[in-house]
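Just final-v8.cif here, mmCIF, C-alpha atoms and all ligand atoms:
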data_protein
#
loop_
_atom_site.label_atom_id
_atom_site.label_comp_id
_atom_site.auth_asym_id
_atom_site.auth_seq_id
_atom_site.Cartn_x
_atom_site.Cartn_y
_atom_site.Cartn_z
CA GLN A 267 16.86 14.03 -10.04
CA LYS A 268 13.23 13.00 -10.40
CA LEU A 269 10.69 15.76 -10.13
CA LYS A 270 8.17 13.39 -8.61
CA ALA A 271 8.50 11.28 -5.48
CA LEU A 272 8.76 7.53 -6.01
CA LEU A 273 5.63 5.47 -5.62
CA VAL A 274 6.33 1.93 -4.39
CA MET A 275 3.20 -0.19 -4.45
CA GLY A 276 2.93 -3.74 -3.14
CA ASN A 277 0.61 -6.34 -4.60
CA TRP A 278 0.10 -9.06 -2.03
CA LYS A 279 -1.86 -11.16 -4.56
CA MET A 280 -3.78 -14.02 -2.90
CA ASN A 281 -1.48 -14.26 0.11
CA GLY A 282 -1.88 -13.54 3.79
CA SER A 283 -3.93 -14.33 6.85
CA LEU A 284 -5.07 -12.17 9.74
CA ALA A 285 -2.04 -13.32 11.72
CA ALA A 286 0.52 -13.00 8.93
CA ASN A 287 -0.83 -9.60 7.88
CA ALA A 288 -0.68 -8.29 11.44
CA LYS A 289 3.04 -9.08 11.56
CA LEU A 290 3.77 -7.68 8.09
CA LEU A 291 1.85 -4.47 8.82
CA ALA A 292 3.56 -4.02 12.18
CA ASP A 293 6.95 -4.58 10.54
CA LEU A 294 6.11 -2.02 7.85
CA ARG A 295 5.19 0.53 10.47
CA THR A 296 8.35 -0.11 12.46
CA GLY A 297 10.59 -0.11 9.40
CA LEU A 298 9.15 3.14 8.17
CA ALA A 299 9.51 4.76 11.61
CA GLU A 300 13.14 3.59 11.74
CA GLY A 301 13.84 5.25 8.42
CA VAL A 302 14.63 2.12 6.39
CA ALA A 303 13.28 3.85 3.28
CA GLU A 304 13.88 7.23 1.69
CA ALA A 305 11.55 9.77 3.29
CA SER A 306 10.38 10.94 -0.13
CA ALA A 307 9.23 7.49 -1.28
CA HIS A 308 5.53 6.80 -0.91
CA PHE A 309 4.47 3.25 -0.07
CA ALA A 310 1.15 1.57 -0.75
CA VAL A 311 -0.20 -1.98 -0.46
CA CYS A 312 -2.89 -3.65 -2.56
CA VAL A 313 -4.37 -6.44 -0.49
CA PRO A 314 -7.03 -9.15 -0.78
CA ALA A 315 -10.46 -7.55 -0.28
CA PRO A 316 -11.36 -9.48 2.92
CA TYR A 317 -8.39 -7.87 4.66
CA LEU A 318 -9.15 -4.25 3.77
CA ALA A 319 -10.66 -3.52 7.19
CA GLN A 320 -7.62 -4.96 8.95
CA VAL A 321 -5.20 -3.05 6.74
CA ALA A 322 -7.14 0.21 7.02
CA GLU A 323 -7.08 -0.04 10.81
CA ALA A 324 -3.37 -0.89 10.92
CA LEU A 325 -2.25 1.80 8.49
CA LYS A 326 -4.65 4.66 9.13
CA ALA A 327 -2.18 6.54 11.31
CA THR A 328 0.74 5.99 8.93
CA GLU A 329 1.76 7.45 5.60
CA ILE A 330 1.26 4.11 3.87
CA THR A 331 -1.86 4.02 1.71
CA TRP A 332 -3.78 0.93 0.68
CA GLY A 333 -6.02 -0.46 -2.00
CA ALA A 334 -7.48 -3.53 -3.65
CA GLN A 335 -6.38 -5.78 -6.49
CA ASP A 336 -9.51 -5.65 -8.62
CA VAL A 337 -12.87 -3.89 -8.79
CA SER A 338 -16.17 -4.49 -10.50
CA ALA A 339 -17.07 -2.33 -13.48
CA ARG A 340 -20.64 -2.29 -12.09
CA ASP A 341 -21.96 -0.03 -9.39
CA ALA A 342 -24.22 -2.38 -7.41
CA GLY A 343 -26.70 -5.18 -7.90
CA ALA A 344 -26.89 -8.81 -8.94
CA TYR A 345 -23.18 -9.43 -9.54
CA THR A 346 -22.35 -12.30 -7.24
CA GLY A 347 -18.79 -12.31 -6.00
CA GLU A 348 -17.96 -8.84 -7.28
CA VAL A 349 -16.68 -5.96 -5.15
CA SER A 350 -17.69 -2.43 -6.11
CA ALA A 351 -15.63 0.75 -6.11
CA ALA A 352 -18.02 2.22 -3.54
CA MET A 353 -17.19 -0.69 -1.23
CA LEU A 354 -13.48 -0.03 -1.69
CA LYS A 355 -14.11 3.61 -0.85
CA ASP A 356 -15.91 2.51 2.32
CA PHE A 357 -12.60 1.04 3.43
CA ALA A 358 -10.72 4.21 2.47
CA CYS A 359 -8.88 2.64 -0.44
CA THR A 360 -6.69 5.09 -2.30
CA TRP A 361 -5.85 2.62 -5.08
CA VAL A 362 -7.15 -0.30 -7.03
CA LEU A 363 -5.26 -2.40 -9.54
CA VAL A 364 -7.12 -2.94 -12.80
CA GLY A 365 -6.10 -5.24 -15.60
CA HIS A 366 -3.33 -7.05 -13.75
CA SER A 367 -1.94 -9.67 -16.13
CA GLU A 368 -3.19 -12.45 -13.85
CA ARG A 369 -6.72 -11.06 -14.22
CA ARG A 370 -6.29 -10.65 -17.96
CA SER A 371 -4.95 -14.16 -18.49
CA MET A 372 -6.81 -16.22 -15.87
CA HIS A 373 -10.11 -14.32 -15.81
CA ALA A 374 -10.32 -13.31 -19.45
CA GLU A 375 -10.42 -9.60 -18.75
CA GLY A 376 -10.21 -7.65 -21.99
CA ASP A 377 -9.02 -4.13 -22.68
CA GLU A 378 -12.54 -2.66 -22.78
CA LEU A 379 -13.51 -4.20 -19.44
CA VAL A 380 -10.30 -2.95 -17.86
CA ALA A 381 -11.13 0.58 -18.99
CA GLU A 382 -14.66 0.22 -17.60
CA LYS A 383 -13.20 -0.84 -14.27
CA ALA A 384 -10.86 2.16 -14.29
CA LYS A 385 -13.83 4.43 -14.93
CA ALA A 386 -15.91 2.82 -12.16
CA ALA A 387 -13.04 3.38 -9.72
CA LEU A 388 -12.60 7.01 -10.75
CA ILE A 389 -16.28 7.76 -10.30
CA ARG A 390 -15.96 6.69 -6.66
CA GLY A 391 -12.71 8.52 -6.07
CA VAL A 392 -10.43 5.47 -6.04
CA THR A 393 -7.30 5.81 -8.19
CA PRO A 394 -7.04 3.04 -10.77
CA VAL A 395 -3.61 1.58 -11.39
CA VAL A 396 -3.95 0.33 -14.95
CA CYS A 397 -1.62 -2.60 -15.60
CA VAL A 398 -0.35 -3.31 -19.10
CA GLY A 399 2.37 -5.55 -20.49
CA GLU A 400 3.33 -7.97 -23.23
CA SER A 401 3.93 -11.70 -23.10
CA LEU A 402 7.25 -13.22 -24.05
CA ALA A 403 5.84 -14.44 -27.36
CA GLU A 404 4.64 -10.91 -28.14
CA ARG A 405 8.05 -9.46 -27.28
CA ASP A 406 9.83 -12.05 -29.39
CA ALA A 407 7.49 -11.21 -32.26
CA GLY A 408 8.44 -7.52 -31.97
CA GLN A 409 4.92 -6.52 -30.98
CA VAL A 410 5.60 -4.77 -27.66
CA HIS A 411 4.52 -1.28 -28.64
CA GLU A 412 1.49 -2.45 -30.52
CA VAL A 413 0.31 -4.64 -27.62
CA ILE A 414 0.69 -1.83 -25.10
CA ALA A 415 -1.02 0.65 -27.43
CA LYS A 416 -3.96 -1.73 -27.84
CA GLN A 417 -4.25 -2.27 -24.09
CA LEU A 418 -4.11 1.47 -23.40
CA ALA A 419 -6.45 2.61 -26.17
CA PRO A 420 -9.80 2.26 -24.33
CA VAL A 421 -8.27 3.79 -21.21
CA ILE A 422 -6.97 6.75 -23.21
CA ALA A 423 -10.42 7.06 -24.76
CA LEU A 424 -11.79 7.92 -21.30
CA GLY A 425 -10.26 11.36 -21.87
CA ALA A 426 -7.51 13.57 -20.48
CA GLU A 427 -9.33 14.52 -17.31
CA SER A 428 -9.77 10.87 -16.33
CA LEU A 429 -6.29 9.88 -17.44
CA ARG A 430 -4.67 12.52 -15.26
CA GLN A 431 -6.17 10.83 -12.21
CA MET A 432 -4.74 7.41 -12.96
CA VAL A 433 -1.51 5.52 -12.54
CA VAL A 434 -0.19 3.17 -15.23
CA ALA A 435 1.93 0.13 -14.43
CA TYR A 436 4.05 -1.51 -17.12
CA GLU A 437 4.48 -5.15 -16.19
CA PRO A 438 5.98 -7.40 -18.86
CA VAL A 439 4.28 -10.74 -18.28
CA TRP A 440 7.57 -12.62 -18.67
CA ALA A 441 9.03 -10.68 -15.76
CA ILE A 442 6.20 -11.21 -13.26
CA GLY A 443 7.08 -13.69 -10.55
CA THR A 444 9.85 -15.15 -12.67
CA GLY A 445 12.87 -13.51 -11.08
CA ARG A 446 13.65 -12.18 -14.55
CA THR A 447 13.46 -8.39 -14.44
CA ALA A 448 13.40 -6.27 -17.57
CA THR A 449 16.68 -4.41 -17.86
CA PRO A 450 16.38 -0.72 -17.00
CA GLU A 451 16.90 0.05 -20.70
CA GLN A 452 14.19 -2.40 -21.83
CA ALA A 453 11.77 -0.95 -19.28
CA GLN A 454 12.66 2.66 -20.12
CA GLU A 455 12.05 2.07 -23.80
CA VAL A 456 8.48 0.95 -23.11
CA HIS A 457 7.91 3.60 -20.44
CA ALA A 458 8.98 6.28 -22.92
CA GLY A 459 6.40 4.97 -25.39
CA ILE A 460 3.72 4.98 -22.70
CA ARG A 461 4.72 8.50 -21.67
CA GLN A 462 4.48 9.62 -25.27
CA ALA A 463 0.99 8.16 -25.62
CA LEU A 464 -0.16 9.73 -22.35
CA SER A 465 1.36 13.08 -23.27
CA ALA A 466 -0.33 13.04 -26.66
CA ALA A 467 -3.59 12.41 -24.80
CA GLY A 468 -3.02 15.39 -22.52
CA ALA A 469 -1.76 13.55 -19.44
CA PRO A 470 2.06 13.81 -19.39
CA ASP A 471 2.35 13.69 -15.60
CA VAL A 472 0.69 10.34 -14.97
CA LYS A 473 2.92 8.13 -12.84
CA VAL A 474 4.17 5.12 -14.76
CA LEU A 475 5.33 2.28 -12.50
CA TYR A 476 7.42 -0.68 -13.54
CA GLY A 477 6.53 -4.15 -12.28
CA GLY A 478 8.14 -7.55 -12.71
CA SER A 479 10.48 -9.10 -10.16
CA VAL A 480 11.44 -5.78 -8.60
CA LYS A 481 13.49 -6.15 -5.44
CA SER A 482 15.81 -3.94 -3.41
CA SER A 483 18.86 -5.02 -5.39
CA ASN A 484 17.49 -3.98 -8.80
CA ALA A 485 15.17 -1.09 -7.92
CA ALA A 486 17.67 1.78 -7.95
CA SER A 487 18.83 1.14 -11.51
CA LEU A 488 15.20 1.03 -12.70
CA PHE A 489 14.31 4.21 -10.80
CA ALA A 490 17.28 5.99 -12.38
CA MET A 491 15.45 5.86 -15.71
CA PRO A 492 13.68 9.11 -16.63
CA ASP A 493 10.22 7.64 -17.24
CA ILE A 494 10.07 5.13 -14.36
CA ASP A 495 8.21 6.74 -11.48
CA GLY A 496 8.09 3.83 -9.09
CA ALA A 497 7.34 0.13 -8.88
CA LEU A 498 4.53 -2.35 -8.54
CA VAL A 499 5.94 -5.15 -6.44
CA GLY A 500 4.55 -8.66 -5.99
CA GLY A 501 6.71 -11.22 -4.19
CA ALA A 502 9.03 -8.75 -2.49
CA SER A 503 6.10 -6.84 -0.97
CA LEU A 504 5.47 -9.73 1.42
CA MET A 505 8.70 -9.01 3.30
CA ALA A 506 8.56 -5.67 5.09
CA ASP A 507 12.26 -4.92 5.15
CA GLU A 508 12.84 -5.94 1.53
CA PHE A 509 9.79 -3.96 0.40
CA LEU A 510 10.85 -0.78 2.21
CA ARG A 511 14.41 -1.10 0.91
CA ILE A 512 13.02 -0.85 -2.62
CA GLY A 513 12.33 2.78 -1.76
CA ALA A 514 15.70 3.34 -0.11
C1 LIG J 601 2.97 -8.21 -9.81
O1 LIG J 601 2.27 -9.19 -9.69
O2 LIG J 601 2.43 -7.11 -9.96
C2 LIG J 601 4.44 -8.38 -9.79
C3 LIG J 601 5.17 -7.44 -10.31
O3 LIG J 601 4.94 -9.52 -9.21
P1 LIG J 601 6.50 -9.84 -8.89
O4 LIG J 601 7.09 -8.60 -8.27
O5 LIG J 601 6.46 -10.98 -7.92
O6 LIG J 601 7.16 -10.18 -10.19
#
Would you give me this structure, written as structure tokens?
Amino acid sequence: QKLKALLVMGNWKMNGSLAANAKLLADLRTGLAEGVAEASAHFAVCVPAPYLAQVAEALKATEITWGAQDVSARDAGAYTGEVSAAMLKDFACTWVLVGHSERRSMHAEGDELVAEKAKAALIRGVTPVVCVGESLAERDAGQVHEVIAKQLAPVIALGAESLRQMVVAYEPVWAIGTGRTATPEQAQEVHAGIRQALSAAGAPDVKVLYGGSVKSSNAASLFAMPDIDGALVGGASLMADEFLRIGA
């Protein structure tokens, strides 16, 4: 029996259109109303920034919360193409992903920048979901704990008060979009290490989500693990029924 309710967060990545989103959002609303998911599970979606207004309008009367997939570390000014935390707040975002592995690998985001982004989000009252995870080469080299510790260090350095307002997502890079999920035991081992680090920093109750090819058929065994508090879901979050069944 988990003390905390499950948090099931979708990451739409760079997918969607006004028309496709309208259908997905309507299906989410209907599915939730029909009780497809466990009443205690909380659902959230992190969507492409141009669709925040659409998503806010569609979900404002529901229990589903929403957020963005990235945020600038800067507050305002000459930062072409960036989106600030204040702008996300304008669209009532509860969440923002920071340091997703696709941002780290394709946009050269380093650990320090990720922590700066988390701080910028917190200042504006948007909860950062700090994503960490090792590559396959790092796992094979036995470096999992050291990689995660390095990624978390600047975030932990923000202090206990900040940490307590965050969510952490463990997403092994080799499991993202590959159909290859970490086993519950593999995930739990890393989650326990993350929990230990957060506890030592004064934030034992931070939610730690698992991400990497989560779907309805493998979610329950992951959620049965003591330190897995929910999931960050990519591919399966684009299908309303499948997404909601993750929290069933
Ligand atoms: C993700 O991108 O956060 C993710 C976990 O993707 P997928 O569920 O498709 O592996």
Practice problem: Show me which residues sit within 9 Å of ligand LIG 601 (chain J) when counting all atoms listed in the file, and put them as an MDAnalysis selection string. | Solution: chainID A and resid 275:279 366:368 397 435 437:447 476:481 497:503
Practice problem: Calculate how many Å separate CA of Pro394 (chain A) from CA of Ala506 (chain A), rounding to one decimal. | Solution: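 Between CA of Pro394 (chain A) and CA of Ala506 (chain A) the gap is 23.9 Å.
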Practice problem: Between CA of Gln335 (chain A) and CA of Met505 (chain A), measure the distance and give it in Å to one decimal. | Solution: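 Answer for the CA of Gln335 (chain A) to CA of Met505 (chain A) separation: 18.3 Å.
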Exercise. Mind giving me the straight-line distance from CA of Ser465 (chain A) to CA of Asp493 (chain A) in Å, one decimal?
Key: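 Between CA of Ser465 (chain A) and CA of Asp493 (chain A) the gap works out to 12.0 Å.
Closest approach to Leu318 (chain A) among A:Cys359, A:Ala351, A:Ala286, A:Val337: A:Cys359, based on all atoms listed in the file.
Of the residues listed (A:Ala403, A:Val302, A:Leu475, A:Val274), A:Leu475 shows the shortest atom-to-atom separation from Val456 (chain A); distances use only C-alpha atoms.
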Self-check item: Residue contacts of Asp377 (chain A) (10 Å, all atoms listed in the file) excluding same-chain residues fewer than 6 positions away, as a VMD selection string
Solution: chain A and resid 365 370 383 398 416 to 421
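For the set A:Thr393, A:Asn287, A:Gln452, A:Thr346, the residue with the smallest atom-to-atom gap to Ala319 (chain A) is A:Asn287, counting all atoms listed in the file.
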Practice problem: Compute the distance from (-5.2, -12.7, 10.4) to each atom, counting all atoms listed in the file, keep the residues with any atom at most 12 Å away, and return them as a PyMOL selection string; use the coordinates of the file. | Solution: chain A and resi 281-291+314+316-321+324
Quiz item: Excluding same-chain residues fewer than 2 positions from Met432 (chain A), what lies within 9 Å of it counting all atoms listed in the file, as a PyMOL selection string?
Solution: chain A and resi 384+388+393-396+428-430+434+472-473
Exercise. Find the residue from A:Ile494, A:Ala486, A:Ala310, A:Ala426 that sits nearest to Leu294 (chain A); use all atoms listed in the file when measuring.
Key: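 Closest residue, counting all atoms listed in the file: A:Ala310.
Of the listed residues (A:Ile512, A:Ala453, A:Ala334, A:Ala305), A:Ala453 comes nearest to Val410 (chain A); the distances count only C-alpha atoms.
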Quiz item: Of the residues A:Gly399, A:Ser338, A:Leu273, A:Gly391, which is the one nearest to Ser371 (chain A), using all atoms listed in the file?
Solution: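 When distances to Ser371 (chain A) are compared using all atoms listed in the file, the smallest one comes from A:Gly399.
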Exercise. Write out as a list in words the residues lying within 6 Å of Leu272 (chain A), counting all atoms listed in the file and excluding same-chain residues fewer than 2 positions away.
Key: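 The contact residues come out as Ala307, Asp495 and Gly496 of chain A.
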